[in-house]
>>> print(open('data27.cif').read())   # mmCIF, C-alpha atoms and all ligand atoms
data_entry
#
loop_
_atom_site.label_atom_id
_atom_site.label_comp_id
_atom_site.auth_asym_id
_atom_site.auth_seq_id
_atom_site.Cartn_x
_atom_site.Cartn_y
_atom_site.Cartn_z
CA MET A 1 33.82 5.31 -10.64
CA SER A 2 32.22 4.50 -7.28
CA SER A 3 30.17 6.71 -4.92
CA SER A 4 29.53 6.13 -1.28
CA PHE A 5 26.28 6.38 0.73
CA ASP A 6 25.02 5.39 4.15
CA VAL A 7 21.96 3.63 2.73
CA ALA A 8 21.03 2.52 -0.79
CA ILE A 9 17.34 1.83 -1.33
CA ALA A 10 16.30 -0.27 -4.33
CA GLY A 11 12.77 0.63 -5.45
CA ALA A 12 10.76 3.86 -5.48
CA GLY A 13 7.30 2.55 -4.64
CA LEU A 14 5.53 3.13 -1.36
CA ALA A 15 8.07 1.15 0.68
CA GLY A 16 11.15 2.74 -0.90
CA SER A 17 9.82 6.29 -0.75
CA CYS A 18 8.73 5.98 2.91
CA ALA A 19 12.17 4.56 3.72
CA ALA A 20 13.88 7.39 1.81
CA LEU A 21 11.92 9.98 3.77
CA THR A 22 12.71 8.66 7.24
CA LEU A 23 16.30 7.59 6.56
CA SER A 24 17.24 10.86 4.85
CA ARG A 25 16.68 12.73 8.12
CA THR A 26 20.07 11.58 9.36
CA ARG A 27 21.75 9.55 6.63
CA ARG A 28 23.11 9.96 3.12
CA VAL A 29 20.63 8.06 0.99
CA VAL A 30 20.51 6.97 -2.62
CA VAL A 31 17.31 5.59 -4.17
CA LEU A 32 17.63 3.40 -7.26
CA GLU A 33 14.57 2.99 -9.49
CA PRO A 34 14.66 1.33 -12.94
CA GLU A 35 11.63 3.17 -14.28
CA ALA A 36 11.49 6.84 -15.30
CA GLU A 37 9.29 7.83 -12.35
CA PRO A 38 8.23 6.48 -8.94
CA ALA A 39 5.18 4.28 -8.27
CA THR A 40 4.84 2.63 -11.65
CA ARG A 41 4.15 -0.86 -10.24
CA ALA A 42 1.82 -1.90 -7.38
CA SER A 43 1.92 1.60 -5.90
CA GLY A 44 0.73 3.04 -9.22
CA ALA A 45 -2.26 0.68 -9.35
CA ALA A 46 -3.38 1.24 -5.76
CA ALA A 47 -6.76 2.86 -5.27
CA GLY A 48 -5.33 4.52 -2.19
CA LEU A 49 -7.77 3.48 0.52
CA ALA A 50 -6.46 3.48 4.06
CA ASN A 51 -9.13 1.20 5.49
CA PRO A 52 -8.81 0.31 9.18
CA LEU A 53 -11.35 -2.54 9.00
CA MET A 54 -10.95 -4.63 5.87
CA GLY A 55 -12.44 -7.97 4.94
CA ARG A 56 -15.92 -9.46 4.89
CA ARG A 57 -15.50 -10.20 8.58
CA PRO A 58 -14.00 -6.83 9.39
CA ARG A 59 -10.88 -7.03 11.45
CA LEU A 60 -8.80 -4.14 12.74
CA ALA A 61 -5.59 -3.70 10.79
CA TRP A 62 -2.32 -4.23 12.62
CA ARG A 63 -1.48 -1.39 15.03
CA ILE A 64 -4.15 0.67 13.35
CA ASP A 65 -3.92 3.85 15.39
CA GLU A 66 -0.13 3.99 15.07
CA ALA A 67 -0.46 3.17 11.37
CA LEU A 68 -2.87 6.04 10.67
CA ASP A 69 -0.73 8.39 12.75
CA ALA A 70 2.38 7.29 10.84
CA LEU A 71 0.61 7.87 7.52
CA ARG A 72 -0.37 11.37 8.57
CA THR A 73 3.10 12.08 9.99
CA VAL A 74 5.04 11.10 6.86
CA LEU A 75 2.70 13.18 4.70
CA ARG A 76 3.05 16.16 7.03
CA GLU A 77 6.82 15.77 7.11
CA ALA A 78 6.82 15.94 3.30
CA GLY A 79 4.51 18.97 3.30
CA ALA A 80 1.82 16.86 1.63
CA GLU A 81 -0.80 16.40 4.35
CA LYS A 82 -3.46 17.59 1.89
CA LEU A 83 -3.10 14.28 0.05
CA LEU A 84 -4.78 12.49 2.96
CA ARG A 85 -8.57 12.74 2.72
CA GLU A 86 -9.56 11.27 6.06
CA ASN A 87 -13.36 11.24 5.91
CA GLY A 88 -13.91 7.70 7.14
CA ILE A 89 -15.25 4.84 5.03
CA VAL A 90 -18.74 3.50 4.40
CA ARG A 91 -19.02 -0.29 4.04
CA PRO A 92 -22.40 -1.22 2.50
CA ALA A 93 -23.46 -4.78 3.34
CA VAL A 94 -24.36 -6.44 0.03
CA THR A 95 -25.73 -9.63 1.61
CA GLY A 96 -27.38 -10.60 4.87
CA ARG A 97 -24.18 -12.42 5.90
CA HIS A 98 -22.15 -9.24 5.42
CA ALA A 99 -24.71 -7.34 7.43
CA ALA A 100 -24.43 -9.79 10.34
CA ALA A 101 -20.62 -9.55 10.33
CA PHE A 102 -20.72 -5.75 10.02
CA ARG A 103 -23.20 -5.44 12.91
CA GLU A 104 -20.90 -7.59 15.01
CA ALA A 105 -17.96 -5.34 14.13
CA ALA A 106 -20.00 -2.29 15.10
CA GLU A 107 -20.75 -3.84 18.49
CA GLU A 108 -17.14 -4.84 18.99
CA HIS A 109 -15.71 -1.43 18.07
CA PRO A 110 -18.31 1.17 19.09
CA ASP A 111 -15.64 3.86 19.36
CA ARG A 112 -14.48 3.34 15.78
CA THR A 113 -17.59 2.26 13.90
CA ALA A 114 -21.37 2.49 13.76
CA TRP A 115 -24.04 0.45 12.00
CA ILE A 116 -26.41 2.55 9.92
CA ASP A 117 -29.63 1.00 8.64
CA GLU A 118 -30.84 1.33 5.06
CA ASN A 119 -33.10 4.30 5.80
CA GLU A 120 -30.28 6.29 7.30
CA LEU A 121 -27.96 5.21 4.47
CA ALA A 122 -30.54 6.32 1.88
CA GLU A 123 -30.85 9.67 3.61
CA ARG A 124 -27.11 10.27 3.82
CA HIS A 125 -26.07 8.71 0.51
CA PRO A 126 -29.06 8.17 -1.80
CA ALA A 127 -26.94 6.78 -4.64
CA VAL A 128 -25.55 3.96 -2.49
CA ARG A 129 -27.29 0.60 -2.26
CA ALA A 130 -26.95 -1.99 0.51
CA ASP A 131 -28.99 -5.10 -0.24
CA GLY A 132 -27.93 -6.52 3.12
CA GLY A 133 -29.95 -3.82 4.88
CA GLY A 134 -27.43 -1.25 6.00
CA ALA A 135 -23.79 -0.26 6.20
CA LEU A 136 -20.88 -0.16 8.57
CA LEU A 137 -19.56 3.34 9.06
CA VAL A 138 -15.84 3.35 9.83
CA ARG A 139 -15.01 6.68 11.39
CA ARG A 140 -11.25 6.88 10.78
CA GLY A 141 -9.44 6.08 7.56
CA GLY A 142 -9.75 7.59 4.13
CA ALA A 143 -7.78 7.78 0.92
CA VAL A 144 -4.49 9.04 -0.49
CA ASP A 145 -3.21 9.50 -4.02
CA VAL A 146 -0.36 7.00 -3.74
CA PRO A 147 1.79 8.08 -6.73
CA ALA A 148 1.53 11.73 -5.56
CA MET A 149 2.53 10.59 -2.08
CA THR A 150 5.65 8.79 -3.32
CA ARG A 151 6.66 11.86 -5.37
CA ALA A 152 6.23 14.14 -2.34
CA LEU A 153 8.21 11.85 -0.03
CA LEU A 154 11.06 11.49 -2.48
CA ALA A 155 11.13 15.24 -3.15
CA LYS A 156 11.48 15.88 0.59
CA ALA A 157 14.24 13.28 0.84
CA GLU A 158 16.05 15.08 -1.99
CA VAL A 159 15.76 18.41 -0.19
CA ARG A 160 17.58 16.70 2.69
CA GLY A 161 20.37 15.63 0.36
CA ALA A 162 19.20 12.22 -0.86
CA THR A 163 20.01 11.21 -4.42
CA VAL A 164 17.07 9.75 -6.34
CA ARG A 165 18.07 8.01 -9.55
CA PHE A 166 15.65 6.86 -12.21
CA GLY A 167 16.70 4.43 -14.96
CA ALA A 168 18.86 2.80 -12.25
CA HIS A 169 18.32 -0.92 -11.88
CA LEU A 170 19.95 -2.73 -8.97
CA THR A 171 21.45 -5.76 -10.67
CA ASN A 172 23.66 -7.27 -8.01
CA TRP A 173 25.38 -6.68 -4.70
CA ARG A 174 27.85 -8.21 -2.33
CA GLU A 175 28.89 -7.44 1.19
CA THR A 176 32.50 -6.34 1.52
CA PRO A 177 34.96 -7.40 4.21
CA GLY A 178 35.16 -3.73 5.24
CA GLY A 179 31.54 -3.88 6.48
CA GLY A 180 29.58 -2.32 3.64
CA VAL A 181 27.78 -3.38 0.49
CA ARG A 182 29.08 -3.02 -3.07
CA ILE A 183 26.14 -2.52 -5.39
CA SER A 184 25.97 -2.91 -9.17
CA VAL A 185 23.64 -0.61 -11.05
CA ASN A 186 22.52 -1.48 -14.58
CA GLY A 187 25.12 -4.25 -14.60
CA ALA A 188 27.95 -1.76 -14.89
CA GLU A 189 28.41 1.06 -12.42
CA THR A 190 29.26 0.40 -8.78
CA LEU A 191 28.03 2.12 -5.63
CA GLU A 192 29.13 1.57 -2.06
CA ALA A 193 26.74 1.83 0.87
CA GLU A 194 26.79 0.88 4.51
CA HIS A 195 23.33 -0.70 4.20
CA LEU A 196 21.19 -1.87 1.30
CA VAL A 197 17.40 -1.78 1.70
CA LEU A 198 15.66 -3.86 -0.95
CA ALA A 199 12.19 -2.45 -1.62
CA PRO A 200 11.59 -3.88 -5.12
CA GLY A 201 7.99 -5.07 -4.67
CA ALA A 202 7.46 -8.06 -6.94
CA GLY A 203 10.99 -7.49 -8.32
CA PHE A 204 12.31 -9.67 -5.47
CA SER A 205 11.95 -12.75 -7.69
CA ALA A 206 14.76 -11.54 -9.98
CA PHE A 207 17.05 -12.52 -7.10
CA PRO A 208 16.43 -16.23 -6.39
CA ALA A 209 19.42 -16.29 -4.05
CA LEU A 210 17.33 -14.27 -1.58
CA ASP A 211 15.22 -17.39 -1.17
CA LEU A 212 12.17 -15.33 -0.19
CA ASP A 213 8.95 -17.31 -0.03
CA LEU A 214 6.48 -14.58 -0.97
CA GLU A 215 3.18 -14.71 -2.82
CA LYS A 216 2.35 -12.52 -5.83
CA ILE A 217 -1.23 -11.45 -6.45
CA LYS A 218 -2.04 -9.39 -9.50
CA GLY A 219 -4.66 -6.71 -9.09
CA GLN A 220 -6.36 -4.13 -11.27
CA THR A 221 -8.10 -0.84 -10.61
CA ILE A 222 -10.01 1.34 -13.08
CA ARG A 223 -10.75 5.03 -13.30
CA VAL A 224 -14.21 5.88 -14.61
CA ARG A 225 -15.95 9.12 -15.45
CA ALA A 226 -18.77 9.79 -12.99
CA PRO A 227 -21.96 8.76 -14.83
CA VAL A 228 -24.38 11.59 -15.62
CA GLY A 229 -26.54 12.37 -12.59
CA LEU A 230 -24.03 11.00 -10.07
CA ASP A 231 -22.34 13.70 -8.01
CA ALA A 232 -18.97 12.05 -7.32
CA GLY A 233 -17.95 14.88 -4.99
CA SER A 234 -20.72 14.05 -2.53
CA LEU A 235 -19.97 10.32 -2.33
CA PRO A 236 -18.17 8.72 0.59
CA PHE A 237 -15.30 6.26 0.18
CA LEU A 238 -16.98 2.87 -0.23
CA SER A 239 -15.71 -0.60 0.52
CA GLY A 240 -18.05 -3.58 0.43
CA SER A 241 -18.33 -5.24 -2.95
CA GLY A 242 -14.99 -3.97 -4.23
CA TYR A 243 -14.26 -0.35 -3.42
CA VAL A 244 -14.94 3.12 -4.75
CA VAL A 245 -12.69 6.12 -4.25
CA PRO A 246 -14.15 9.38 -5.63
CA ASP A 247 -11.48 11.63 -7.10
CA GLY A 248 -12.74 14.93 -8.47
CA ASP A 249 -15.30 14.16 -11.17
CA ALA A 250 -13.89 10.66 -11.61
CA LEU A 251 -14.03 7.52 -9.49
CA VAL A 252 -11.31 4.93 -8.91
CA LEU A 253 -12.74 1.43 -8.57
CA GLY A 254 -11.16 -1.81 -7.45
CA SER A 255 -10.16 -4.46 -7.39
CA THR A 256 -9.23 -7.89 -8.68
CA TYR A 257 -7.14 -10.67 -7.13
CA GLU A 258 -5.45 -13.01 -9.60
CA ARG A 259 -3.06 -15.63 -8.33
CA ASP A 260 -2.42 -17.16 -11.77
CA PHE A 261 -1.30 -14.65 -14.33
CA ASP A 262 1.05 -14.57 -17.29
CA ASP A 263 1.18 -10.94 -18.17
CA LEU A 264 1.11 -7.74 -16.18
CA ALA A 265 -1.16 -5.70 -18.43
CA PRO A 266 -4.67 -4.67 -17.32
CA SER A 267 -7.47 -6.51 -19.11
CA PRO A 268 -10.92 -5.38 -20.35
CA ASP A 269 -12.50 -8.50 -18.78
CA GLN A 270 -11.21 -7.51 -15.38
CA SER A 271 -12.48 -3.96 -15.94
CA ASP A 272 -15.97 -5.37 -16.61
CA TYR A 273 -15.73 -7.51 -13.53
CA ILE A 274 -14.85 -4.47 -11.38
CA LEU A 275 -17.78 -2.48 -12.81
CA GLN A 276 -20.13 -5.36 -12.12
CA LYS A 277 -18.83 -5.80 -8.59
CA THR A 278 -18.89 -2.15 -7.56
CA SER A 279 -22.28 -1.50 -9.14
CA ARG A 280 -23.77 -3.70 -6.41
CA MET A 281 -22.97 -0.80 -4.07
CA LEU A 282 -23.39 2.02 -6.54
CA PRO A 283 -25.83 0.95 -9.28
CA ALA A 284 -25.05 4.03 -11.41
CA LEU A 285 -21.64 2.50 -12.14
CA ALA A 286 -23.04 -0.34 -14.26
CA GLU A 287 -22.66 1.69 -17.46
CA ALA A 288 -19.75 3.94 -16.46
CA ASP A 289 -17.06 4.80 -19.03
CA VAL A 290 -13.67 3.39 -18.18
CA VAL A 291 -11.04 6.07 -18.69
CA GLU A 292 -8.01 4.14 -17.55
CA ALA A 293 -7.08 0.70 -16.18
CA ARG A 294 -3.99 -0.07 -14.15
CA ALA A 295 -2.58 -3.35 -12.92
CA GLY A 296 0.10 -4.19 -10.40
CA VAL A 297 1.36 -7.08 -8.35
CA ARG A 298 0.81 -7.18 -4.62
CA VAL A 299 3.40 -9.10 -2.64
CA LYS A 300 2.39 -10.96 0.46
CA VAL A 301 3.83 -13.30 3.06
CA PRO A 302 1.85 -16.56 2.63
CA ASN A 303 -0.67 -17.21 5.42
CA SER A 304 0.21 -14.04 7.23
CA ARG A 305 -1.40 -10.65 7.69
CA TYR A 306 1.90 -8.91 8.38
CA PRO A 307 4.35 -7.18 6.05
CA LEU A 308 8.02 -8.10 5.95
CA LEU A 309 10.88 -5.98 7.21
CA ASP A 310 13.96 -7.92 8.13
CA ARG A 311 17.66 -8.24 7.71
CA LEU A 312 18.57 -10.86 5.09
CA ALA A 313 22.30 -10.54 5.63
CA ARG A 314 24.49 -8.38 7.86
CA ARG A 315 23.92 -5.21 5.84
CA VAL A 316 21.09 -6.19 3.49
CA TRP A 317 17.42 -5.66 4.32
CA TYR A 318 14.11 -6.46 2.67
CA PHE A 319 11.21 -4.05 3.13
CA GLY A 320 7.94 -5.00 1.44
CA ALA A 321 5.27 -7.69 1.21
CA LEU A 322 2.80 -4.95 2.04
CA GLY A 323 -0.11 -6.93 0.58
CA SER A 324 -3.26 -4.84 0.12
CA LYS A 325 -2.42 -2.46 2.93
CA GLY A 326 0.69 -0.58 1.88
CA LEU A 327 -0.65 2.71 3.21
CA LEU A 328 -1.15 1.21 6.65
CA THR A 329 2.19 -0.58 6.86
CA ALA A 330 4.87 1.26 4.85
CA PRO A 331 4.79 4.55 6.84
CA LEU A 332 4.54 2.66 10.13
CA LEU A 333 7.56 0.46 9.49
CA ALA A 334 9.57 3.21 7.82
CA ARG A 335 9.17 5.25 10.98
CA GLY A 336 11.22 2.68 12.90
CA LEU A 337 13.69 1.95 10.10
CA PRO A 338 16.41 4.46 11.14
CA ARG A 339 16.57 2.71 14.50
CA PHE A 340 16.19 -0.87 13.22
CA LEU A 341 19.22 -0.56 10.91
CA GLY A 342 21.46 -0.19 13.96
CA GLU A 343 19.35 -2.28 16.31
CA PRO A 344 17.66 -5.17 14.49
CA ALA A 345 16.52 -6.66 17.80
CA ALA A 346 14.06 -3.76 18.07
CA LEU A 347 12.08 -4.98 15.02
CA PRO A 348 8.50 -6.05 15.78
CA ARG A 349 8.68 -9.84 15.73
CA GLU A 350 5.56 -10.19 13.55
CA VAL A 351 7.27 -8.58 10.56
CA THR A 352 10.47 -10.61 10.65
CA LEU A 353 11.24 -13.87 8.93
CA GLY A 354 11.42 -15.64 12.28
CA ARG A 355 7.77 -14.85 12.98
CA ASP A 356 6.70 -18.43 13.59
C1 LIG B 401 -4.81 -3.17 -7.76
C2 LIG B 401 -4.22 -2.80 -6.44
C3 LIG B 401 -4.94 -2.00 -5.56
C4 LIG B 401 -4.40 -1.66 -4.33
N1 LIG B 401 -5.11 -0.84 -3.51
C5 LIG B 401 -4.58 -0.46 -2.32
C6 LIG B 401 -5.24 0.44 -1.47
O1 LIG B 401 -6.33 0.92 -1.80
N2 LIG B 401 -4.68 0.76 -0.28
C7 LIG B 401 -3.47 0.25 0.11
O2 LIG B 401 -2.99 0.57 1.21
N3 LIG B 401 -2.80 -0.61 -0.69
C8 LIG B 401 -3.32 -0.97 -1.87
N4 LIG B 401 -2.64 -1.82 -2.69
C9 LIG B 401 -1.38 -2.38 -2.21
C10 LIG B 401 -0.24 -1.39 -2.38
O3 LIG B 401 -0.29 -0.89 -3.68
C11 LIG B 401 1.08 -2.08 -2.13
O4 LIG B 401 1.06 -2.68 -0.86
C12 LIG B 401 2.26 -1.13 -2.20
O5 LIG B 401 2.08 -0.15 -3.18
C13 LIG B 401 3.52 -1.88 -2.47
O6 LIG B 401 4.58 -0.96 -2.49
P1 LIG B 401 6.07 -1.46 -2.73
O7 LIG B 401 6.95 -0.26 -2.69
O8 LIG B 401 6.40 -2.60 -1.84
O9 LIG B 401 6.04 -2.10 -4.20
P2 LIG B 401 5.92 -1.42 -5.65
O10 LIG B 401 4.95 -0.33 -5.66
O11 LIG B 401 5.71 -2.56 -6.61
O12 LIG B 401 7.33 -0.77 -5.88
C14 LIG B 401 8.50 -1.51 -6.11
C15 LIG B 401 9.45 -0.64 -6.90
O13 LIG B 401 10.69 -1.32 -6.99
C16 LIG B 401 11.21 -1.15 -8.31
N5 LIG B 401 12.14 -2.24 -8.57
C17 LIG B 401 11.87 -3.51 -8.94
N6 LIG B 401 13.04 -4.20 -9.12
C18 LIG B 401 14.04 -3.34 -8.84
C19 LIG B 401 15.48 -3.45 -8.86
N7 LIG B 401 16.10 -4.58 -9.18
N8 LIG B 401 16.20 -2.33 -8.54
C20 LIG B 401 15.59 -1.17 -8.18
N9 LIG B 401 14.25 -1.04 -8.14
C21 LIG B 401 13.48 -2.10 -8.47
C22 LIG B 401 9.96 -1.17 -9.18
O14 LIG B 401 10.19 -0.55 -10.45
C23 LIG B 401 8.97 -0.40 -8.33
O15 LIG B 401 9.00 0.99 -8.58
C24 LIG B 401 -3.13 -2.16 -3.94
C25 LIG B 401 -2.40 -2.95 -4.83
C26 LIG B 401 -2.93 -3.26 -6.06
C27 LIG B 401 -2.10 -4.09 -7.02
#
>>> encode(input="data27.cif", output="structure tokens")
Amino acid sequence: MSSSFDVAIAGAGLAGSCAALTLSRTRRVVVLEPEAEPATRASGAAAGLANPLMGRRPRLAWRIDEALDALRTVLREAGAEKLLRENGIVRPAVTGRHAAAFREAAEEHPDRTAWIDENELAERHPAVRADGGGALLVRRGGAVDVPAMTRALLAKAEVRGATVRFGAHLTNWRETPGGGVRISVNGAETLEAEHLVLAPGAGFSAFPALDLDLEKIKGQTIRVRAPVGLDAGSLPFLSGSGYVVPDGDALVLGSTYERDFDDLAPSPDQSDYILQKTSRMLPALAEADVVEARAGVRVKVPNSRYPLLDRLARRVWYFGALGSKGLLTAPLLARGLPRFLGEPAALPREVTLGRD
């Protein structure tokens, strides 16, 4: 038996769920996800920071204002705006070099940031330490529960008539002379769609014929119970030596970057490393109890700061390589996707394969 859709999306992570939301406004969409729920891979491991100025030498993320607006818009469209906690981000400088770079950023972006010295930091956030002598306050940005976001986006897509199928693994496809794509699911069943959007995260490497030159970087986050005496609710989002995202009476801490890895499971050594790293900003974390560890694989275009959204064949698209900034790129690109499918020339050049 074969069913017919306008767009089939393979993958229910951040990329696939953002695509499902925007495409389901006007098209018949099917989402195929091998696992039993969305966001089990990279999107499930994400700490959920939407940080406009990342890096030791802070640099504004690509199209940052549009990106934050797009994030807010997709959440609002799904009735889930409460998931975005946009309180800004505090970036403690842990060394003098950080402090110099952060002060420079504050001078360069006075409308978006401010440098606060250690006295002011101690007054505002007594539990936070900044050995470099102060912190960069980033006024916009915040955090989102990524798995909850993907569930909300997919639920809204379903309300609009999209079909979301779990336990459904895209195993193959071919374009048909009639101008569509014939898709195999779980090696057996066939679907027809006008377009196929591949959003499989690190699952791209199961399809060598795609010939995609993308990097895989394993990362881990941990959830810890707030140590006694630390009021997690009063803490800001922190990003300096790793990052800290308070969540109720727990804290999500990240992260690791492993380029050589054999297995995908989280490891206790990496958990210790994260505790050590983040306790440079929040000393109380040194002895925190780890409640849960999650690992996932980020996908990235080598030597590039941009994600990838491009047509790989007439009707087949790849949407991913979101690196460490899925929250700032997936909603932004998904917003244009309904148009790009019919008008590929409208794609921002930076995110296409012909970028150089
Ligand atoms: C430790 C860690 C921390 C992070 N922290 C942040 C953060 O704080 N802020 C931020 O913005 N970003 C963060 N990121 C990055 C962010 O998680 C990713 O950019 C984003 O989640 C990637 O989404 P994706 O949909 O491309 O991939 P994934 O989330 O990996 O989703 C891909 C989906 O495709 C499915 N799939 C695979 N193969 C197939 C197939 N053949 N058919 C159908 N489906 C398939 C998978 O099961 C999966 O559900 C972090 C990443 C990691 C690893």
>>> closest_residue(input="data27.cif", among="A:Gly133, A:Ile9, A:Thr22, A:Val245", to="Thr73 of chain A", atoms="all atoms listed in the file")
A:Thr22
>>> residues_near_ligand(input="data27.cif", ligand="ligand LIG 401 (chain B)", cutoff="6 Å", atoms="all atoms listed in the file", output="NGL selection string")
:A and (10-16 or 32-35 or 38-43 or 45-50 or 169-171 or 199-203 or 218-221 or 255 or 295-298 or 320 or 322-328)
>>> write_last_selection(input="data27.cif", atoms="C-alpha atoms", output="JSON list (two decimals), in the coordinates of the input")
[["chain", "number", "residue", "atom", "x", "y", "z"],
["A", 10, "ALA", "CA", 16.30, -0.27, -4.33],
["A", 11, "GLY", "CA", 12.77, 0.63, -5.45],
["A", 12, "ALA", "CA", 10.76, 3.86, -5.48],
["A", 13, "GLY", "CA", 7.30, 2.55, -4.64],
["A", 14, "LEU", "CA", 5.53, 3.13, -1.36],
["A", 15, "ALA", "CA", 8.07, 1.15, 0.68],
["A", 16, "GLY", "CA", 11.15, 2.74, -0.90],
["A", 32, "LEU", "CA", 17.63, 3.40, -7.26],
["A", 33, "GLU", "CA", 14.57, 2.99, -9.49],
["A", 34, "PRO", "CA", 14.66, 1.33, -12.94],
["A", 35, "GLU", "CA", 11.63, 3.17, -14.28],
["A", 38, "PRO", "CA", 8.23, 6.48, -8.94],
["A", 39, "ALA", "CA", 5.18, 4.28, -8.27],
["A", 40, "THR", "CA", 4.84, 2.63, -11.65],
["A", 41, "ARG", "CA", 4.15, -0.86, -10.24],
["A", 42, "ALA", "CA", 1.82, -1.90, -7.38],
["A", 43, "SER", "CA", 1.92, 1.60, -5.90],
["A", 45, "ALA", "CA", -2.26, 0.68, -9.35],
["A", 46, "ALA", "CA", -3.38, 1.24, -5.76],
["A", 47, "ALA", "CA", -6.76, 2.86, -5.27],
["A", 48, "GLY", "CA", -5.33, 4.52, -2.19],
["A", 49, "LEU", "CA", -7.77, 3.48, 0.52],
["A", 50, "ALA", "CA", -6.46, 3.48, 4.06],
["A", 169, "HIS", "CA", 18.32, -0.92, -11.88],
["A", 170, "LEU", "CA", 19.95, -2.73, -8.97],
["A", 171, "THR", "CA", 21.45, -5.76, -10.67],
["A", 199, "ALA", "CA", 12.19, -2.45, -1.62],
["A", 200, "PRO", "CA", 11.59, -3.88, -5.12],
["A", 201, "GLY", "CA", 7.99, -5.07, -4.67],
["A", 202, "ALA", "CA", 7.46, -8.06, -6.94],
["A", 203, "GLY", "CA", 10.99, -7.49, -8.32],
["A", 218, "LYS", "CA", -2.04, -9.39, -9.50],
["A", 219, "GLY", "CA", -4.66, -6.71, -9.09],
["A", 220, "GLN", "CA", -6.36, -4.13, -11.27],
["A", 221, "THR", "CA", -8.10, -0.84, -10.61],
["A", 255, "SER", "CA", -10.16, -4.46, -7.39],
["A", 295, "ALA", "CA", -2.58, -3.35, -12.92],
["A", 296, "GLY", "CA", 0.10, -4.19, -10.40],
["A", 297, "VAL", "CA", 1.36, -7.08, -8.35],
["A", 298, "ARG", "CA", 0.81, -7.18, -4.62],
["A", 320, "GLY", "CA", 7.94, -5.00, 1.44],
["A", 322, "LEU", "CA", 2.80, -4.95, 2.04],
["A", 323, "GLY", "CA", -0.11, -6.93, 0.58],
["A", 324, "SER", "CA", -3.26, -4.84, 0.12],
["A", 325, "LYS", "CA", -2.42, -2.46, 2.93],
["A", 326, "GLY", "CA", 0.69, -0.58, 1.88],
["A", 327, "LEU", "CA", -0.65, 2.71, 3.21],
["A", 328, "LEU", "CA", -1.15, 1.21, 6.65]]
>>> atom_distance(input="data27.cif", atom1="atom CA of Ser4 of chain A", atom2="atom CA of Leu210 of chain A")
23.8 Å
>>> atom_distance(input="data27.cif", atom1="atom CA of Val181 of chain A", atom2="atom CA of Tyr318 of chain A")
14.2 Å
>>> atom_distance(input="data27.cif", atom1="atom CA of Ala293 of chain A", atom2="atom CA of Ser271 of chain A")
7.1 Å
>>> closest_residue(input="data27.cif", among="A:His109, A:Arg139, A:Arg315, A:Arg280", to="Gly342 of chain A", atoms="all atoms listed in the file")
A:Arg315
>>> residues_near_point(input="data27.cif", point="(-19.1, 0.5, -6.2)", cutoff="8 Å", atoms="all atoms listed in the file", output="PyMOL selection string")
chain A and resi 238-244+253+275+277-283+285
>>> closest_residue(input="data27.cif", among="A:Glu194, A:Glu189, A:Glu104, A:Glu66", to="Pro177 of chain A", atoms="only C-alpha atoms")
A:Glu194
>>> closest_residue(input="data27.cif", among="A:Arg294, A:Lys216, A:Leu337, A:Asp231", to="Tyr257 of chain A", atoms="all atoms listed in the file")
A:Lys216
>>> closest_residue(input="data27.cif", among="A:Ala209, A:Leu341, A:Ala188, A:Leu309", to="Leu353 of chain A", atoms="all atoms listed in the file")
A:Leu309
>>> axis_aligned_box(input="data27.cif", around="segment 72-90 of chain A", padding_each_side="3 Å", output="AutoDock Vina command-line options")
--center_x -6.0 --center_y 11.2 --center_z 5.0 --size_x 31.6 --size_y 21.5 --size_z 15.9
>>> closest_residue(input="data27.cif", among="A:Gly132, A:Gly161, A:Pro338, A:Gly79", to="Ala148 of chain A", atoms="only C-alpha atoms")
A:Gly79
>>> residues_around(input="data27.cif", residues="Asp310 of chain A", least_positions_apart="2", cutoff="9 Å", atoms="all atoms listed in the file", output="list in words")
Leu308, Leu312, Val316, Trp317, Tyr318, Phe319, Phe340, Pro344, Leu347, Val351, Thr352 and Leu353 of chain A
>>> write_last_selection(input="data27.cif", atoms="C-alpha atoms", output="PDB file, in the frame of the given file")
ATOM      1  CA  LEU A 308       8.020  -8.100   5.950  1.00  0.00           C
ATOM      2  CA  LEU A 312      18.570 -10.860   5.090  1.00  0.00           C
ATOM      3  CA  VAL A 316      21.090  -6.190   3.490  1.00  0.00           C
ATOM      4  CA  TRP A 317      17.420  -5.660   4.320  1.00  0.00           C
ATOM      5  CA  TYR A 318      14.110  -6.460   2.670  1.00  0.00           C
ATOM      6  CA  PHE A 319      11.210  -4.050   3.130  1.00  0.00           C
ATOM      7  CA  PHE A 340      16.190  -0.870  13.220  1.00  0.00           C
ATOM      8  CA  PRO A 344      17.660  -5.170  14.490  1.00  0.00           C
ATOM      9  CA  LEU A 347      12.080  -4.980  15.020  1.00  0.00           C
ATOM     10  CA  VAL A 351       7.270  -8.580  10.560  1.00  0.00           C
ATOM     11  CA  THR A 352      10.470 -10.610  10.650  1.00  0.00           C
ATOM     12  CA  LEU A 353      11.240 -13.870   8.930  1.00  0.00           C
TER      13      LEU A 353
END
>>> residues_around(input="data27.cif", residues="segment 58-64 of chain A", least_positions_apart="2", cutoff="9 Å", atoms="only C-alpha atoms", output="PyMOL selection string")
chain A and resi 51-56+66-69+101-102+104-105+305-306+325+328-329+332
